[in-house]
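Structure file target02.txt with compact mmCIF, C-alpha atoms:
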# COMPACT_ATOMS: atom_id res chain seq x y z
CA MET A 56 74.71 -60.37 96.55
CA ILE A 57 71.83 -58.42 98.04
CA GLU A 58 72.59 -54.76 98.60
CA ILE A 59 70.30 -52.51 100.62
CA LYS A 60 70.96 -48.78 100.78
CA ASP A 61 69.09 -46.30 102.98
CA LEU A 62 65.93 -48.41 103.08
CA SER A 63 63.13 -46.59 104.91
CA VAL A 64 59.47 -47.62 105.12
CA LYS A 65 56.49 -45.72 106.44
CA TYR A 66 52.93 -46.95 106.84
CA GLN A 67 49.68 -45.19 107.53
CA GLY A 68 48.66 -45.33 111.18
CA LYS A 69 45.39 -44.12 112.68
CA ASN A 70 46.34 -40.47 112.70
CA ALA A 71 49.69 -40.18 110.95
CA LEU A 72 52.44 -41.96 109.05
CA THR A 73 54.53 -44.30 111.19
CA LEU A 74 58.18 -45.01 110.42
CA ALA A 75 58.69 -48.80 110.42
CA LEU A 76 62.25 -49.00 109.02
CA ASP A 77 64.79 -46.20 109.13
CA LYS A 78 67.76 -46.11 106.73
CA ILE A 79 68.68 -49.78 106.65
CA ASN A 80 72.09 -50.38 105.07
CA ILE A 81 73.44 -53.89 104.66
CA LYS A 82 75.13 -56.16 102.12
CA ILE A 83 74.14 -59.82 102.22
CA ASN A 84 76.62 -62.21 100.67
CA SER A 85 75.48 -64.87 98.22
CA GLY A 86 75.12 -68.39 99.57
CA GLU A 87 74.85 -67.50 103.25
CA ILE A 88 72.09 -67.58 105.85
CA TYR A 89 71.55 -64.28 107.63
CA THR A 90 69.29 -64.42 110.66
CA PHE A 91 67.61 -61.15 111.60
CA ILE A 92 66.54 -60.77 115.21
CA GLY A 93 64.96 -57.95 117.19
CA PRO A 94 62.09 -57.05 119.51
CA SER A 95 58.45 -57.32 118.45
CA GLY A 96 57.30 -54.45 116.26
CA CYS A 97 60.79 -53.51 115.06
CA GLY A 98 59.97 -53.98 111.37
CA LYS A 99 61.48 -57.43 110.74
CA SER A 100 58.51 -58.66 108.72
CA THR A 101 58.25 -55.33 106.88
CA PHE A 102 61.89 -55.77 105.89
CA LEU A 103 61.15 -59.24 104.54
CA TYR A 104 58.12 -58.09 102.55
CA VAL A 105 60.24 -55.45 100.82
CA LEU A 106 62.74 -58.15 99.79
CA ALA A 107 59.89 -60.39 98.61
CA GLY A 108 58.60 -57.64 96.34
CA ILE A 109 55.28 -57.58 98.22
CA LEU A 110 55.86 -54.13 99.69
CA LYS A 111 56.79 -51.72 96.92
CA HIS A 112 56.43 -48.28 98.51
CA TYR A 113 59.68 -47.40 100.25
CA LYS A 114 62.65 -45.08 100.05
CA GLY A 115 66.16 -46.26 99.24
CA THR A 116 67.33 -49.08 96.97
CA VAL A 117 67.20 -52.87 97.23
CA THR A 118 68.98 -54.98 94.60
CA ILE A 119 69.81 -58.61 93.90
CA ASP A 120 73.06 -58.89 91.94
CA GLY A 121 72.68 -55.27 90.93
CA GLN A 122 69.09 -55.59 89.72
CA PRO A 123 66.01 -54.10 91.46
CA ILE A 124 63.74 -56.54 93.29
CA ASP A 125 61.23 -57.97 90.84
CA PRO A 126 59.54 -61.31 91.64
CA LYS A 127 58.58 -61.64 87.97
CA GLU A 128 62.25 -61.66 86.96
CA GLN A 129 63.93 -63.22 90.00
CA ARG A 130 63.22 -66.49 91.72
CA ILE A 131 62.28 -65.60 95.29
CA GLY A 132 61.10 -68.29 97.72
CA LEU A 133 59.00 -67.24 100.71
CA ILE A 134 58.20 -69.41 103.74
CA LEU A 135 55.74 -67.93 106.21
CA GLN A 136 54.81 -68.78 109.79
CA ASN A 137 51.41 -70.06 108.66
CA TYR A 138 53.08 -72.12 105.88
CA GLY A 139 51.12 -70.41 103.07
CA LEU A 140 49.73 -73.65 101.63
CA LEU A 141 46.61 -73.56 99.46
CA PRO A 142 44.00 -75.74 101.21
CA TRP A 143 42.35 -76.88 97.97
CA LYS A 144 45.61 -78.18 96.50
CA THR A 145 47.39 -81.44 97.30
CA VAL A 146 50.89 -81.76 98.73
CA CYS A 147 52.19 -82.34 95.20
CA GLN A 148 50.37 -79.32 93.78
CA ASN A 149 51.47 -77.06 96.65
CA SER A 150 55.07 -78.25 96.34
CA MET A 151 55.14 -77.57 92.61
CA LEU A 152 53.31 -74.25 92.75
CA GLY A 153 56.40 -72.07 92.29
CA THR A 154 57.69 -74.02 89.30
CA LYS A 155 54.20 -74.09 87.78
CA ILE A 156 54.12 -70.29 87.88
CA LYS A 157 57.71 -69.77 86.75
CA ASP A 158 58.32 -72.69 84.39
CA ASN A 159 54.91 -74.25 83.73
CA GLN A 160 56.25 -77.41 85.38
CA GLN A 161 53.49 -79.16 87.33
CA LYS A 162 54.82 -82.67 87.88
CA PRO A 163 57.90 -83.53 89.98
CA ASP A 164 61.09 -84.18 88.04
CA GLU A 165 64.15 -85.98 89.43
CA TYR A 166 65.28 -82.95 91.44
CA SER A 167 61.81 -82.27 92.84
CA GLN A 168 61.39 -85.92 93.79
CA TYR A 169 64.76 -85.82 95.56
CA ILE A 170 63.70 -82.81 97.66
CA LEU A 171 60.34 -84.40 98.50
CA THR A 172 62.10 -87.61 99.55
CA GLN A 173 64.72 -85.77 101.62
CA LEU A 174 61.92 -84.02 103.51
CA GLY A 175 60.00 -87.25 104.02
CA ILE A 176 56.81 -86.17 102.27
CA ASP A 177 57.14 -88.19 99.05
CA LYS A 178 54.47 -90.62 100.29
CA LEU A 179 52.02 -87.81 101.12
CA LEU A 180 51.65 -86.26 97.66
CA ASP A 181 47.90 -86.88 97.31
CA ARG A 182 46.99 -85.48 100.73
CA TYR A 183 45.57 -82.03 101.40
CA PRO A 184 46.97 -79.59 104.01
CA LYS A 185 44.14 -80.31 106.48
CA GLU A 186 45.25 -83.96 106.51
CA LEU A 187 48.80 -83.07 107.60
CA SER A 188 50.40 -82.26 110.94
CA GLY A 189 52.01 -78.86 111.47
CA GLY A 190 55.46 -80.34 110.92
CA GLN A 191 54.37 -82.00 107.68
CA GLN A 192 52.85 -78.75 106.42
CA GLN A 193 56.11 -76.98 107.17
CA ARG A 194 58.02 -79.61 105.18
CA VAL A 195 55.73 -78.96 102.21
CA ALA A 196 56.45 -75.22 102.48
CA ILE A 197 60.20 -75.91 102.56
CA ALA A 198 59.90 -78.30 99.61
CA ARG A 199 58.02 -75.70 97.56
CA ALA A 200 60.74 -73.13 98.24
CA PHE A 201 63.69 -75.39 97.34
CA ILE A 202 62.00 -76.96 94.30
CA LEU A 203 61.73 -73.42 92.90
CA LYS A 204 65.57 -73.22 92.98
CA PRO A 205 65.36 -69.66 94.29
CA ASP A 206 67.94 -66.93 93.94
CA LEU A 207 66.79 -65.75 97.36
CA LEU A 208 64.97 -67.61 100.14
CA LEU A 209 63.00 -65.57 102.69
CA MET A 210 61.71 -67.10 105.93
CA ASP A 211 59.45 -65.24 108.36
CA GLU A 212 59.52 -67.03 111.75
CA PRO A 213 58.45 -70.24 109.97
CA PHE A 214 59.03 -72.63 112.87
CA SER A 215 57.60 -70.60 115.75
CA ALA A 216 54.19 -72.33 115.71
CA LEU A 217 55.72 -75.81 116.05
CA ASP A 218 56.30 -77.65 119.31
CA ALA A 219 59.89 -77.72 120.56
CA ILE A 220 60.75 -81.25 119.40
CA THR A 221 59.24 -80.80 115.93
CA ARG A 222 60.87 -77.37 115.62
CA GLU A 223 64.37 -78.75 116.22
CA GLU A 224 63.72 -81.62 113.81
CA ILE A 225 62.56 -79.26 111.02
CA GLN A 226 65.45 -76.86 111.70
CA GLU A 227 67.90 -79.72 111.18
CA LEU A 228 66.13 -80.92 108.04
CA PHE A 229 66.20 -77.39 106.64
CA LEU A 230 69.95 -77.07 107.27
CA GLN A 231 70.61 -80.44 105.62
CA ILE A 232 68.83 -79.30 102.46
CA TRP A 233 70.43 -75.83 102.58
CA LYS A 234 73.96 -77.23 102.88
CA GLN A 235 73.49 -79.06 99.59
CA HIS A 236 72.20 -76.02 97.70
CA THR A 237 73.54 -72.98 99.64
CA VAL A 238 70.67 -70.69 98.74
CA THR A 239 71.08 -67.10 99.91
CA THR A 240 68.67 -67.04 102.85
CA ILE A 241 67.23 -64.36 105.10
CA PHE A 242 65.64 -65.80 108.20
CA ILE A 243 63.52 -63.64 110.50
CA THR A 244 63.26 -64.81 114.10
CA HIS A 245 62.64 -63.56 117.63
CA SER A 246 64.54 -66.51 119.15
CA VAL A 247 68.19 -66.16 120.20
CA ASP A 248 68.58 -69.93 120.06
CA GLU A 249 67.25 -70.08 116.49
CA ALA A 250 69.39 -67.14 115.35
CA LEU A 251 72.52 -68.87 116.64
CA TYR A 252 71.60 -72.28 115.27
CA LEU A 253 70.63 -71.20 111.75
CA GLY A 254 72.59 -68.04 110.93
CA SER A 255 76.06 -67.80 109.44
CA LYS A 256 75.65 -64.12 110.29
CA ILE A 257 73.25 -62.46 112.71
CA ALA A 258 71.82 -59.00 112.15
CA VAL A 259 70.27 -57.28 115.18
CA PHE A 260 67.43 -54.80 114.78
CA THR A 261 66.81 -51.89 117.14
CA PRO A 262 63.32 -51.32 118.57
CA SER A 263 60.92 -49.44 116.28
CA PRO A 264 61.71 -47.77 113.99
CA GLY A 265 63.92 -50.64 112.91
CA ARG A 266 67.58 -49.98 112.21
CA ILE A 267 70.49 -52.41 111.91
CA LEU A 268 72.19 -52.17 115.30
CA GLN A 269 74.94 -54.69 114.63
CA VAL A 270 75.88 -57.58 112.30
CA LEU A 271 77.73 -60.45 113.97
CA ASP A 272 79.75 -63.28 112.49
CA ASN A 273 78.44 -66.45 114.09
CA PRO A 274 81.26 -68.85 115.06
CA CYS A 275 78.63 -71.36 116.20
CA PHE A 276 77.20 -71.94 112.74
CA GLN A 277 77.39 -75.62 111.69
CA MET A 278 79.24 -76.66 114.85
CA GLU A 279 78.66 -80.24 115.94
CA ASN A 280 76.66 -80.63 119.17
CA LEU A 281 76.21 -76.87 119.14
CA ARG A 282 73.95 -76.45 122.15
CA THR A 283 76.49 -78.10 124.47
CA ARG A 284 79.44 -75.94 123.39
CA ASP A 285 80.95 -73.07 125.38
CA GLU A 286 80.95 -70.95 122.21
CA TYR A 287 77.18 -71.28 122.02
CA HIS A 288 76.74 -70.11 125.60
CA ASP A 289 79.13 -67.18 125.10
CA MET A 290 77.40 -66.05 121.88
CA SER A 291 73.99 -66.42 123.50
CA VAL A 292 74.99 -64.13 126.36
CA ARG A 293 76.58 -61.64 123.94
CA LEU A 294 73.53 -61.54 121.70
CA ARG A 295 71.11 -61.15 124.61
CA ASN A 296 73.19 -58.27 125.97
CA ILE A 297 73.11 -56.51 122.59
CA LEU A 298 69.32 -56.95 122.37
CA HIS A 299 68.86 -55.74 125.93
CA LYS A 300 70.93 -52.60 125.38
CA GLY A 301 69.53 -51.96 121.88

In structure tokens, what does this structure look like?
Amino acid sequence: MIEIKDLSVKYQGKNALTLALDKINIKINSGEIYTFIGPSGCGKSTFLYVLAGILKHYKGTVTIDGQPIDPKEQRIGLILQNYGLLPWKTVCQNSMLGTKIKDNQQKPDEYSQYILTQLGIDKLLDRYPKELSGGQQQRVAIARAFILKPDLLLMDEPFSALDAITREEIQELFLQIWKQHTVTTIFITHSVDEALYLGSKIAVFTPSPGRILQVLDNPCFQMENLRTRDEYHDMSVRLRNILHKG
């Protein structure tokens, strides 16, 4: 479980400190996907960087299973909008980067090969990022995260740069892999559609400074033919109303 108590973050603006997050309190259950949605500038990415251990200066406490966030001790996967691939490394090297750092494992084992095959990039292992499409690069980023076998998976609007067809394809691939491994996942998005499609729970941020306005159970999660269901339409309207009033 991830437990966040009174998390507040300030950063230095031009003339003064600016409050980015204000007393965030939330418990995130193990093995679920929480999508976080809110207006631009509300601190969603700041929130993610705290959980990743990148941003260390904050007030409050953030723990994973009772332990403070420490990327050296915990296995934390991070998937960014720009994929975060190293251009001088091959698909294989990028995919195995997390396990190389954590376990000194550089070559795919049976599990790694399974993930690479599931994502359809097992025949691209000798290529470099510049030789891949955006969708292929995103698959490499997902592979790297799952091969790490993370305790926590963090995703910062990772599909927003993809075209609509590729985005839906990668979303579905991601869910297929997640269902088999149920990694605790925090997914940042500005899309109502994506929040409903990917989140077992949906947390709504207020405008800056970011606070948790509401956490919703998502009855649409893992429904068949979701986008044609009445429940999807009803939740979409409800979520948009909350965001509008927030």

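The gap separating atom CA of Met210 of chain A from atom CA of Ser246 of chain A is 13.5 Å, in Å to one decimal.
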
Computed gap from atom CA of Pro264 of chain A to atom CA of Ile81 of chain A is 16.2 Å

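Counting all atoms listed in the file, the residue from A:Ser167, A:Asp248, A:Ala75, A:Gly139 that sits nearest to Ala219 of chain A is A:Asp248.
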
Neighbours of point (66.7, -47.8, 103.9) within 7 Å, using all atoms listed in the file, written as a CSV table (one decimal) with C-alpha atoms, in the frame of the given file:
chain,number,residue,atom,x,y,z
A,59,ILE,CA,70.3,-52.5,100.6
A,60,LYS,CA,71.0,-48.8,100.8
A,61,ASP,CA,69.1,-46.3,103.0
A,62,LEU,CA,65.9,-48.4,103.1
A,63,SER,CA,63.1,-46.6,104.9
A,76,LEU,CA,62.2,-49.0,109.0
A,77,ASP,CA,64.8,-46.2,109.1
A,78,LYS,CA,67.8,-46.1,106.7
A,79,ILE,CA,68.7,-49.8,106.6
A,80,ASN,CA,72.1,-50.4,105.1
A,114,LYS,CA,62.6,-45.1,100.0
A,115,GLY,CA,66.2,-46.3,99.2

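Remark: for Tyr113 of chain A, the closest of the candidate residues A:Leu74, A:Val64, A:Ile134, A:Cys147 is A:Val64 (distances computed over all atoms listed in the file).
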
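You will find atom CA of Thr118 of chain A at 23.8 Å from atom CA of Ser263 of chain A.
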
List as CSV every residue of segment 63-110 of chain A that is in contact with segment 183-205 of chain A, defined as an atom at most 12 Å from one of its atoms (using all atoms listed in the file), together with the nearest atom pair and the distance in Å rounded to one decimal, sorted by chain and then rising number.
residue,atom,partner,partner_atom,distance
A:Ser85,CA,A:Pro205,CA,11.9
A:Gly86,CA,A:Pro205,CA,11.2
A:Ala107,CA,A:Pro205,CA,11.6

Counting only C-alpha atoms, write as JSON, numbers by chain all protein and nucleic acid residues lying at most 7 Å from (57.7, -53.1, 113.2) in the file's frame.
{"A": [75, 95, 96, 97, 98, 99, 101, 263, 264, 265]}

Nearest to Glu87 of chain A by atom-to-atom distance, counting all atoms listed in the file, from A:Asp285, A:Asp272, A:Asp158, A:Glu128:
A:Asp272

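Contact shell of segment 294-299 of chain A at 10 Å (all atoms listed in the file; same-chain neighbours under 6 positions omitted): Ile92, Gly93, Pro94, Val247, Asp248, Ala250, Leu251, Ile257, Val259, Phe260, Thr261, Pro262, Leu268, Gln269, Leu271 and His288 of chain A.
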
I'd like the neighbourhood of Tyr252 of chain A as a PDB file with C-alpha atoms, keeping the file's coordinate frame, where a residue qualifies if any of its atoms comes within 8 Å (using only C-alpha atoms), though same-chain residues fewer than 3 positions away should be ignored.
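Here's the written file result-v5.pdb:
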ATOM      1  CA  ASP A 248      68.580 -69.930 120.060  1.00  0.00           C
ATOM      2  CA  GLU A 249      67.250 -70.080 116.490  1.00  0.00           C
ATOM      3  CA  CYS A 275      78.630 -71.360 116.200  1.00  0.00           C
ATOM      4  CA  PHE A 276      77.200 -71.940 112.740  1.00  0.00           C
ATOM      5  CA  GLN A 277      77.390 -75.620 111.690  1.00  0.00           C
ATOM      6  CA  LEU A 281      76.210 -76.870 119.140  1.00  0.00           C
TER       7      LEU A 281
END
